[in-house]
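Listing of protein16.cif, mmCIF, C-alpha atoms and all ligand atoms
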```cif
data_query
#
loop_
_atom_site.label_atom_id
_atom_site.label_comp_id
_atom_site.auth_asym_id
_atom_site.auth_seq_id
_atom_site.Cartn_x
_atom_site.Cartn_y
_atom_site.Cartn_z
CA MET A 1 -30.09 60.65 -38.75
CA SER A 2 -28.56 59.75 -35.42
CA ASN A 3 -25.12 60.07 -33.85
CA TRP A 4 -23.80 62.56 -36.34
CA ILE A 5 -20.12 63.30 -36.25
CA LYS A 6 -19.13 66.74 -37.49
CA ASN A 7 -16.21 66.94 -39.88
CA GLY A 8 -13.00 67.37 -37.91
CA GLU A 9 -14.13 65.51 -34.82
CA LYS A 10 -12.34 62.32 -33.94
CA SER A 11 -14.14 59.41 -35.54
CA ARG A 12 -13.59 56.12 -37.32
CA GLN A 13 -13.68 57.98 -40.62
CA ASN A 14 -11.62 60.94 -39.58
CA THR A 15 -8.59 60.21 -37.48
CA SER A 16 -5.16 61.71 -37.45
CA PHE A 17 -3.59 58.27 -37.06
CA ILE A 18 -3.64 56.34 -40.30
CA PHE A 19 -3.14 52.60 -40.24
CA ILE A 20 -2.79 50.83 -43.55
CA MET A 21 -5.01 47.79 -43.27
CA LYS A 22 -5.96 44.69 -45.19
CA ASP A 23 -9.63 44.13 -46.02
CA THR A 24 -10.11 47.88 -46.18
CA LEU A 25 -10.60 50.60 -48.77
CA GLU A 26 -8.98 53.73 -47.40
CA ILE A 27 -9.44 57.15 -48.91
CA ILE A 28 -6.91 59.40 -47.26
CA ASP A 29 -7.22 63.22 -47.51
CA LEU A 30 -8.06 62.96 -51.20
CA HIS A 31 -7.83 66.15 -53.24
CA ALA A 32 -8.57 65.92 -56.95
CA GLY A 33 -9.77 67.96 -59.87
CA THR A 34 -9.77 68.26 -63.61
CA LYS A 35 -6.65 68.34 -65.75
CA GLU A 36 -7.49 72.00 -66.44
CA GLY A 37 -6.94 72.74 -62.74
CA LYS A 38 -10.52 72.92 -61.42
CA GLU A 39 -10.50 71.59 -57.85
CA ILE A 40 -13.49 69.32 -57.09
CA LEU A 41 -12.53 67.01 -54.20
CA ARG A 42 -11.16 69.01 -51.30
CA GLY A 43 -9.92 66.50 -48.75
CA VAL A 44 -12.10 63.38 -48.60
CA SER A 45 -11.17 60.76 -45.99
CA LEU A 46 -13.14 57.55 -45.59
CA LYS A 47 -12.44 54.01 -44.45
CA ILE A 48 -14.59 51.13 -45.65
CA LYS A 49 -14.07 47.61 -44.38
CA LYS A 50 -15.19 44.49 -46.20
CA GLY A 51 -18.73 43.68 -45.12
CA GLU A 52 -19.64 47.34 -44.49
CA ILE A 53 -22.14 49.42 -46.44
CA HIS A 54 -21.53 53.16 -46.58
CA ALA A 55 -24.03 55.49 -48.24
CA ILE A 56 -22.97 58.82 -49.69
CA MET A 57 -25.63 61.48 -50.13
CA GLY A 58 -25.56 65.18 -50.83
CA PRO A 59 -26.68 67.88 -53.25
CA ASN A 60 -26.15 67.90 -57.01
CA GLY A 61 -22.65 68.93 -57.99
CA GLY A 62 -21.15 68.10 -54.58
CA GLY A 63 -18.50 65.81 -56.05
CA LYS A 64 -20.01 62.35 -55.44
CA SER A 65 -19.53 61.09 -58.99
CA THR A 66 -16.12 62.71 -59.19
CA LEU A 67 -15.13 60.78 -56.06
CA ALA A 68 -16.36 57.57 -57.69
CA GLN A 69 -14.49 58.29 -60.94
CA VAL A 70 -11.30 59.29 -59.16
CA LEU A 71 -11.40 56.11 -57.05
CA MET A 72 -11.62 54.06 -60.26
CA GLY A 73 -8.88 56.09 -62.01
CA HIS A 74 -10.78 58.08 -64.65
CA PRO A 75 -8.11 59.77 -66.79
CA ASP A 76 -9.98 63.14 -66.87
CA TYR A 77 -9.16 63.73 -63.20
CA VAL A 78 -5.88 64.38 -61.40
CA VAL A 79 -5.17 63.56 -57.76
CA THR A 80 -3.30 66.52 -56.31
CA LYS A 81 -3.00 65.29 -52.72
CA GLY A 82 -3.79 62.22 -50.63
CA LYS A 83 -4.08 58.59 -51.57
CA ILE A 84 -6.33 55.61 -52.16
CA VAL A 85 -5.34 52.31 -50.57
CA VAL A 86 -7.03 48.96 -51.25
CA ASN A 87 -6.21 46.02 -49.01
CA GLY A 88 -2.99 47.76 -48.00
CA VAL A 89 -1.93 48.50 -51.60
CA ASP A 90 -1.61 52.12 -52.73
CA ILE A 91 -3.56 52.29 -56.00
CA THR A 92 -3.49 56.09 -56.44
CA ALA A 93 -1.30 55.92 -59.55
CA MET A 94 -2.79 52.76 -61.05
CA THR A 95 -4.82 52.46 -64.26
CA PRO A 96 -8.51 51.45 -64.02
CA ASP A 97 -7.80 47.85 -65.09
CA GLN A 98 -5.08 47.51 -62.44
CA ARG A 99 -7.51 48.88 -59.85
CA ALA A 100 -10.10 46.31 -60.93
CA LYS A 101 -7.51 43.59 -60.39
CA GLN A 102 -6.88 44.98 -56.89
CA GLY A 103 -10.59 44.42 -56.18
CA LEU A 104 -12.39 47.67 -57.05
CA PHE A 105 -15.58 47.97 -59.09
CA LEU A 106 -17.54 51.02 -60.24
CA GLY A 107 -21.17 50.96 -61.34
CA PHE A 108 -21.67 54.13 -63.38
CA GLN A 109 -24.30 56.83 -62.85
CA TYR A 110 -24.63 56.98 -66.64
CA PRO A 111 -23.65 53.63 -68.21
CA VAL A 112 -22.59 54.09 -71.85
CA GLU A 113 -23.83 52.10 -74.84
CA ILE A 114 -21.03 50.24 -76.62
CA THR A 115 -22.19 49.07 -80.00
CA GLY A 116 -20.37 46.04 -81.37
CA VAL A 117 -19.30 44.74 -77.96
CA ASN A 118 -21.29 41.67 -76.95
CA PHE A 119 -22.29 41.99 -73.28
CA GLY A 120 -21.68 38.32 -72.44
CA ASN A 121 -18.26 38.14 -74.13
CA PHE A 122 -17.24 41.41 -72.52
CA LEU A 123 -18.26 40.23 -69.06
CA ARG A 124 -16.71 36.76 -69.39
CA MET A 125 -13.43 38.29 -70.52
CA ALA A 126 -13.54 40.80 -67.65
CA VAL A 127 -14.14 38.01 -65.12
CA ASN A 128 -11.28 35.96 -66.58
CA GLU A 129 -8.95 39.00 -66.63
CA ILE A 130 -9.39 39.98 -63.00
CA HIS A 131 -9.04 36.42 -61.72
CA ASP A 132 -5.74 35.15 -60.46
CA PRO A 133 -3.93 33.74 -63.57
CA LYS A 134 -3.66 30.39 -61.76
CA VAL A 135 -7.47 30.10 -61.54
CA LYS A 136 -9.06 28.18 -64.40
CA LYS A 137 -10.70 30.49 -66.96
CA LEU A 138 -14.49 30.47 -67.22
CA SER A 139 -15.66 28.66 -70.35
CA PRO A 140 -18.65 30.10 -72.23
CA ILE A 141 -20.83 27.31 -70.78
CA ALA A 142 -19.61 27.80 -67.21
CA PHE A 143 -20.14 31.53 -67.66
CA ARG A 144 -23.69 31.02 -68.89
CA ASN A 145 -24.45 28.74 -65.93
CA GLN A 146 -23.27 31.44 -63.54
CA VAL A 147 -24.99 34.33 -65.31
CA GLU A 148 -28.41 32.69 -65.66
CA PRO A 149 -29.46 32.69 -61.98
CA ILE A 150 -28.12 36.22 -61.46
CA ALA A 151 -29.99 37.49 -64.54
CA LYS A 152 -33.11 35.85 -63.13
CA THR A 153 -32.66 37.52 -59.72
CA LEU A 154 -32.48 40.83 -61.59
CA GLY A 155 -35.63 40.11 -63.59
CA PHE A 156 -33.67 39.81 -66.85
CA SER A 157 -34.12 37.24 -69.55
CA GLU A 158 -30.72 35.51 -70.03
CA ASP A 159 -30.84 36.85 -73.61
CA ILE A 160 -29.65 40.15 -72.21
CA VAL A 161 -26.04 38.95 -72.41
CA LYS A 162 -26.43 38.17 -76.12
CA ARG A 163 -26.96 41.87 -76.89
CA PHE A 164 -24.42 44.63 -77.38
CA LEU A 165 -23.34 46.23 -74.10
CA ASN A 166 -26.13 48.61 -72.98
CA GLN A 167 -27.17 49.15 -76.61
CA GLY A 168 -30.87 49.96 -76.63
CA PHE A 169 -31.21 48.96 -72.96
CA SER A 170 -33.87 50.94 -71.10
CA GLY A 171 -32.67 53.20 -68.30
CA GLY A 172 -33.59 50.58 -65.71
CA GLU A 173 -31.94 47.77 -67.70
CA LYS A 174 -28.70 49.75 -67.88
CA LYS A 175 -28.66 50.12 -64.11
CA LYS A 176 -29.47 46.45 -63.58
CA ALA A 177 -26.74 45.49 -66.08
CA GLU A 178 -24.21 47.25 -63.84
CA ILE A 179 -25.36 45.07 -60.93
CA LEU A 180 -25.10 41.96 -63.11
CA GLN A 181 -21.47 42.89 -63.74
CA LEU A 182 -20.88 43.47 -60.03
CA SER A 183 -22.40 40.07 -59.19
CA MET A 184 -20.16 38.27 -61.69
CA LEU A 185 -16.94 40.19 -60.96
CA LYS A 186 -17.27 39.82 -57.17
CA PRO A 187 -15.06 42.77 -56.21
CA ASP A 188 -13.74 43.38 -52.70
CA PHE A 189 -15.12 46.92 -52.87
CA ALA A 190 -17.96 48.17 -55.05
CA ILE A 191 -18.82 51.80 -55.68
CA LEU A 192 -22.35 52.22 -57.03
CA ASP A 193 -23.12 55.68 -58.36
CA GLU A 194 -26.88 56.21 -58.10
CA PRO A 195 -27.87 52.62 -58.97
CA ASP A 196 -31.45 53.64 -58.12
CA SER A 197 -31.96 56.72 -60.28
CA GLY A 198 -34.75 56.20 -62.78
CA LEU A 199 -35.75 52.81 -61.37
CA ASP A 200 -39.31 51.73 -60.69
CA VAL A 201 -40.13 49.88 -57.48
CA ASP A 202 -39.74 46.42 -59.06
CA ALA A 203 -36.30 47.22 -60.48
CA LEU A 204 -35.28 48.64 -57.11
CA ARG A 205 -36.34 45.41 -55.42
CA TYR A 206 -34.44 43.34 -58.01
CA ILE A 207 -31.28 45.34 -57.43
CA GLY A 208 -31.65 45.03 -53.66
CA SER A 209 -32.12 41.24 -53.95
CA ALA A 210 -29.13 40.81 -56.26
CA ILE A 211 -26.84 42.80 -53.95
CA ASN A 212 -28.12 41.12 -50.80
CA SER A 213 -27.71 37.67 -52.35
CA LEU A 214 -23.97 38.14 -52.89
CA ASP A 215 -22.55 35.48 -50.62
CA TYR A 216 -19.19 36.94 -49.65
CA PRO A 217 -18.11 39.98 -47.60
CA PHE A 218 -17.49 43.05 -49.72
CA GLY A 219 -17.44 46.73 -48.98
CA LEU A 220 -20.09 48.87 -50.64
CA LEU A 221 -20.00 52.61 -51.27
CA LEU A 222 -23.52 53.51 -52.32
CA ILE A 223 -24.07 56.95 -53.80
CA THR A 224 -27.72 57.94 -53.77
CA HIS A 225 -30.17 60.84 -53.47
CA TYR A 226 -33.08 58.71 -52.35
CA GLN A 227 -33.82 57.08 -49.04
CA ARG A 228 -36.08 54.52 -50.74
CA ILE A 229 -33.11 52.32 -51.84
CA LEU A 230 -32.02 52.20 -48.20
CA HIS A 231 -35.11 50.08 -47.46
CA TYR A 232 -33.50 47.34 -49.55
CA ILE A 233 -29.82 47.98 -48.90
CA LYS A 234 -29.11 49.01 -45.33
CA PRO A 235 -25.99 51.11 -44.77
CA GLN A 236 -24.18 51.13 -41.44
CA PHE A 237 -22.75 54.56 -42.21
CA VAL A 238 -24.14 57.56 -44.07
CA HIS A 239 -21.95 60.45 -45.22
CA ILE A 240 -22.99 63.79 -46.66
CA VAL A 241 -20.74 65.26 -49.35
CA VAL A 242 -20.97 68.98 -50.06
CA LYS A 243 -18.52 71.00 -52.15
CA GLY A 244 -15.99 68.19 -52.38
CA LYS A 245 -15.89 67.32 -48.70
CA ILE A 246 -17.62 64.99 -46.25
CA VAL A 247 -19.38 67.47 -44.01
CA LYS A 248 -21.27 65.00 -41.82
CA SER A 249 -21.11 61.28 -41.04
CA GLY A 250 -23.69 59.25 -39.15
CA ASP A 251 -24.46 55.66 -38.41
CA SER A 252 -27.90 55.42 -40.04
CA LEU A 253 -30.82 57.42 -41.36
CA SER A 254 -33.09 56.51 -38.46
N1 LIG A 301 -14.58 66.64 -66.20
C1 LIG A 301 -15.08 67.74 -65.62
N2 LIG A 301 -14.80 68.97 -66.11
C2 LIG A 301 -15.27 70.08 -65.51
N3 LIG A 301 -16.04 70.07 -64.41
C3 LIG A 301 -16.35 68.88 -63.89
C4 LIG A 301 -15.89 67.65 -64.46
N4 LIG A 301 -16.35 66.63 -63.72
C5 LIG A 301 -17.09 67.17 -62.73
N5 LIG A 301 -17.09 68.51 -62.84
C6 LIG A 301 -17.80 69.45 -61.95
O1 LIG A 301 -17.54 69.09 -60.60
C7 LIG A 301 -18.70 69.27 -59.80
C8 LIG A 301 -19.08 67.95 -59.12
O2 LIG A 301 -19.64 67.09 -60.09
P1 LIG A 301 -20.12 65.62 -59.75
O3 LIG A 301 -20.63 65.01 -61.01
O4 LIG A 301 -19.01 64.92 -59.05
O5 LIG A 301 -21.30 65.90 -58.72
P2 LIG A 301 -22.34 64.90 -58.06
O6 LIG A 301 -22.24 65.11 -56.57
O7 LIG A 301 -22.14 63.52 -58.56
O8 LIG A 301 -23.73 65.49 -58.57
P3 LIG A 301 -25.12 64.72 -58.95
O9 LIG A 301 -25.82 64.51 -57.62
O10 LIG A 301 -25.83 65.74 -59.78
O11 LIG A 301 -24.81 63.46 -59.68
C9 LIG A 301 -19.77 69.82 -60.74
O12 LIG A 301 -19.78 71.23 -60.62
C10 LIG A 301 -19.31 69.39 -62.11
O13 LIG A 301 -19.75 70.26 -63.14
MG MG A 302 -23.28 62.23 -59.67
#
```

Hey, can you dump this file as structure tokens for me?
Ligand SMILES: Nc1ncnc2c1ncn2[C@@H]1O[C@H](COP(=O)(O)OP(=O)(O)OP(=O)(O)O)[C@@H](O)[C@H]1O
Ligand SMILES: [Mg+2]
Amino acid sequence: MSNWIKNGEKSRQNTSFIFIMKDTLEIIDLHAGTKEGKEILRGVSLKIKKGEIHAIMGPNGGGKSTLAQVLMGHPDYVVTKGKIVVNGVDITAMTPDQRAKQGLFLGFQYPVEITGVNFGNFLRMAVNEIHDPKVKKLSPIAFRNQVEPIAKTLGFSEDIVKRFLNQGFSGGEKKKAEILQLSMLKPDFAILDEPDSGLDVDALRYIGSAINSLDYPFGLLLITHYQRILHYIKPQFVHIVVKGKIVKSGDSLS
């Protein structure tokens, strides 16, 4: 890894002057923990602009998933200090659905199976909900026309959206289904929590293709343990999270 910046040194990610900007996800001195008072995030600061890819790596239990969940507003966690700002809007106190409408998306490390909820209906409703109310709603046919090529890029049969959400999906299918949602929802900022864990090489390539074929600038926060995904998705910045803090930031793994 080259050009490492130690925590505390002046850098793009760590500056004492904070400017609230559009087209940016800003995580400002974020402290958070459980409702029971266990502190997990101990001052995370990070700035991601649209079009940038940031990878987060680090040991098990460092707080990577907690950061992802706190960014999306998981109710099990409490922010005790700092804030999260998306496109100049402070979302720290918002509910997950409000955050989604502000342009955030989270692909889970462990996607849950939701029996009885049809994947396609769920996704079409989600797309229609986060759109500006003035934008025409996607009809089932328009939705299908949009989903089909994305499903194909991911190596899915389009029948996947006829099933219950994640119900009986293989581990790899669950991860790819998260990317299908990302591709349809087109967020300004996507957080992907280990999209590569448990994937074989083909699935990894499919995920890389689907993400790289998104034709608009979005910011990506990619949490991973493995360098192999970085062959398909190339980050401009890599951060190491240990014990709830970014301890190192660099510009690549080379
Ligand atoms: N809801 C919770 N209640 C209690 N402890 C929690 C909770 N959520 C996270 N933790 C703890 O916080 C620490 C960080 O967990 P987290 O899942 O964020 O780590 P991680 O960096 O994503 O690890 P991994 O690489 O294994 O996915 C762990 O010690 C975990 O047990
Ligand atoms: Mg995790």

Tell me, as a PyMOL selection string, which residues lie within 9 Å of range 179-182 of chain A, counting only C-alpha atoms; anything in the same chain fewer than 5 positions away does not count. chain A and resi 105-107+123+127+147+150-151+154+187+190+192+195+207+210-211

Given a cut-off of 12 Å, what residues near ligand LIG 301 (chain A) show up using all atoms listed in the file, put as a VMD selection string? chain A and resid 32 to 42 56 to 71 74 to 78 108 to 110 192 to 197 222 to 226 240 to 246

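The coordinates place CA of Asp215 in chain A at 9.5 Å from CA of Lys186 in chain A.
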
Neighbours of Gly208 in chain A within 8 Å (only C-alpha atoms; same-chain residues fewer than 3 positions away dropped), as number ranges by chain? A: 204-205, 211-212, 229, 232-233

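Picture a line from CA of Lys49 in chain A to CA of Asn87 in chain A; it runs 9.3 Å.
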
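Excluding Gln146 in chain A itself and same-chain residues fewer than 4 positions from it, the residues having an atom within 12 Å of it are Gly120, Leu123, Arg124, Val127, Leu138, Ser139, Pro140, Ile141, Ala142, Ile150, Ala151, Lys152, Thr153, Glu158, Val161, Leu180, Gln181, Ser183, Met184 and Leu185 of chain A, counting only C-alpha atoms.
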
CA of Glu113 in chain A and CA of Arg163 in chain A are how many Å apart? 10.9 Å

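The nearest approach to Gly82 in chain A among the residues A:His31, A:Lys248, A:Lys101, A:His54, with only C-alpha atoms taken into account, belongs to A:His31.
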
Contact residues around Asp251 in chain A with all atoms listed in the file at 6 Å, ignoring same-chain residues under 2 positions, as a PyMOL selection string: chain A and resi 236-238

Point (-27.1, 45.0, -82.5) neighbourhood (7 Å, all atoms listed in the file) written as a PDB file with C-alpha atoms, keeping the file's coordinate frame:
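Full text of point_15.pdb as output:
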```pdb
ATOM      1  CA  THR A 115     -22.190  49.070 -80.000  1.00  0.00           C
ATOM      2  CA  GLY A 116     -20.370  46.040 -81.370  1.00  0.00           C
ATOM      3  CA  ARG A 163     -26.960  41.870 -76.890  1.00  0.00           C
ATOM      4  CA  PHE A 164     -24.420  44.630 -77.380  1.00  0.00           C
TER       5      PHE A 164
END
```

Report as a ChimeraX atom specification all protein, DNA and RNA residues lying within 9 Å of Val112 in chain A, evaluated on all atoms listed in the file, omitting residues in the same chain fewer than 2 positions from it. /A:108,110,114,165-167,174

Since the input is missing atoms for range 156-185 of chain A, could you rebuild it with N, CA and C atoms and give the result as a tab-separated table (two decimals), in the coordinates of the input?
```tsv
chain	number	residue	atom	x	y	z
A	156	PHE	N	-34.09	39.78	-65.45
A	156	PHE	CA	-33.67	39.81	-66.85
A	156	PHE	C	-33.94	38.47	-67.50
A	157	SER	N	-34.20	38.48	-68.79
A	157	SER	CA	-34.12	37.24	-69.55
A	157	SER	C	-32.62	37.02	-69.81
A	158	GLU	N	-32.16	35.76	-69.83
A	158	GLU	CA	-30.72	35.51	-70.03
A	158	GLU	C	-30.25	36.03	-71.39
A	159	ASP	N	-31.20	36.31	-72.30
A	159	ASP	CA	-30.84	36.85	-73.61
A	159	ASP	C	-30.13	38.19	-73.52
A	160	ILE	N	-30.26	38.83	-72.36
A	160	ILE	CA	-29.65	40.15	-72.21
A	160	ILE	C	-28.16	40.11	-72.53
A	161	VAL	N	-27.49	39.00	-72.18
A	161	VAL	CA	-26.04	38.95	-72.41
A	161	VAL	C	-25.69	38.66	-73.86
A	162	LYS	N	-26.70	38.38	-74.68
A	162	LYS	CA	-26.43	38.17	-76.12
A	162	LYS	C	-26.43	39.50	-76.88
A	163	ARG	N	-26.87	40.57	-76.20
A	163	ARG	CA	-26.96	41.87	-76.89
A	163	ARG	C	-25.66	42.65	-76.76
A	164	PHE	N	-25.56	43.74	-77.54
A	164	PHE	CA	-24.42	44.63	-77.38
A	164	PHE	C	-24.53	45.35	-76.04
A	165	LEU	N	-23.38	45.68	-75.45
A	165	LEU	CA	-23.34	46.23	-74.10
A	165	LEU	C	-24.15	47.54	-74.00
A	166	ASN	N	-25.23	47.46	-73.25
A	166	ASN	CA	-26.13	48.61	-72.98
A	166	ASN	C	-26.84	49.16	-74.21
A	167	GLN	N	-26.57	48.61	-75.39
A	167	GLN	CA	-27.17	49.15	-76.61
A	167	GLN	C	-28.69	48.95	-76.61
A	168	GLY	N	-29.41	50.04	-76.61
A	168	GLY	CA	-30.87	49.96	-76.63
A	168	GLY	C	-31.47	49.50	-75.32
A	169	PHE	N	-30.66	49.34	-74.26
A	169	PHE	CA	-31.21	48.96	-72.96
A	169	PHE	C	-32.03	50.15	-72.44
A	170	SER	N	-33.12	49.86	-71.76
A	170	SER	CA	-33.87	50.94	-71.10
A	170	SER	C	-33.01	51.47	-69.95
A	171	GLY	N	-33.42	52.62	-69.42
A	171	GLY	CA	-32.67	53.20	-68.30
A	171	GLY	C	-32.52	52.22	-67.14
A	172	GLY	N	-33.62	51.54	-66.81
A	172	GLY	CA	-33.59	50.58	-65.71
A	172	GLY	C	-32.71	49.39	-66.04
A	173	GLU	N	-32.78	48.92	-67.30
A	173	GLU	CA	-31.94	47.77	-67.70
A	173	GLU	C	-30.46	48.12	-67.62
A	174	LYS	N	-30.12	49.35	-67.97
A	174	LYS	CA	-28.70	49.75	-67.88
A	174	LYS	C	-28.21	49.68	-66.44
A	175	LYS	N	-29.04	50.15	-65.52
A	175	LYS	CA	-28.66	50.12	-64.11
A	175	LYS	C	-28.56	48.68	-63.60
A	176	LYS	N	-29.50	47.85	-64.03
A	176	LYS	CA	-29.47	46.45	-63.58
A	176	LYS	C	-28.27	45.71	-64.20
A	177	ALA	N	-27.90	46.12	-65.42
A	177	ALA	CA	-26.74	45.49	-66.08
A	177	ALA	C	-25.45	45.78	-65.30
A	178	GLU	N	-25.37	46.94	-64.67
A	178	GLU	CA	-24.21	47.25	-63.84
A	178	GLU	C	-24.14	46.28	-62.65
A	179	ILE	N	-25.32	45.98	-62.09
A	179	ILE	CA	-25.36	45.07	-60.93
A	179	ILE	C	-25.05	43.64	-61.36
A	180	LEU	N	-25.47	43.29	-62.58
A	180	LEU	CA	-25.10	41.96	-63.11
A	180	LEU	C	-23.58	41.84	-63.19
A	181	GLN	N	-22.94	42.91	-63.66
A	181	GLN	CA	-21.47	42.89	-63.74
A	181	GLN	C	-20.85	42.77	-62.35
A	182	LEU	N	-21.37	43.54	-61.41
A	182	LEU	CA	-20.88	43.47	-60.03
A	182	LEU	C	-21.00	42.03	-59.50
A	183	SER	N	-22.16	41.41	-59.73
A	183	SER	CA	-22.40	40.07	-59.19
A	183	SER	C	-21.45	39.03	-59.79
A	184	MET	N	-21.07	39.21	-61.05
A	184	MET	CA	-20.16	38.27	-61.69
A	184	MET	C	-18.70	38.55	-61.32
A	185	LEU	N	-18.35	39.83	-61.19
A	185	LEU	CA	-16.94	40.19	-60.96
A	185	LEU	C	-16.53	40.02	-59.50
```
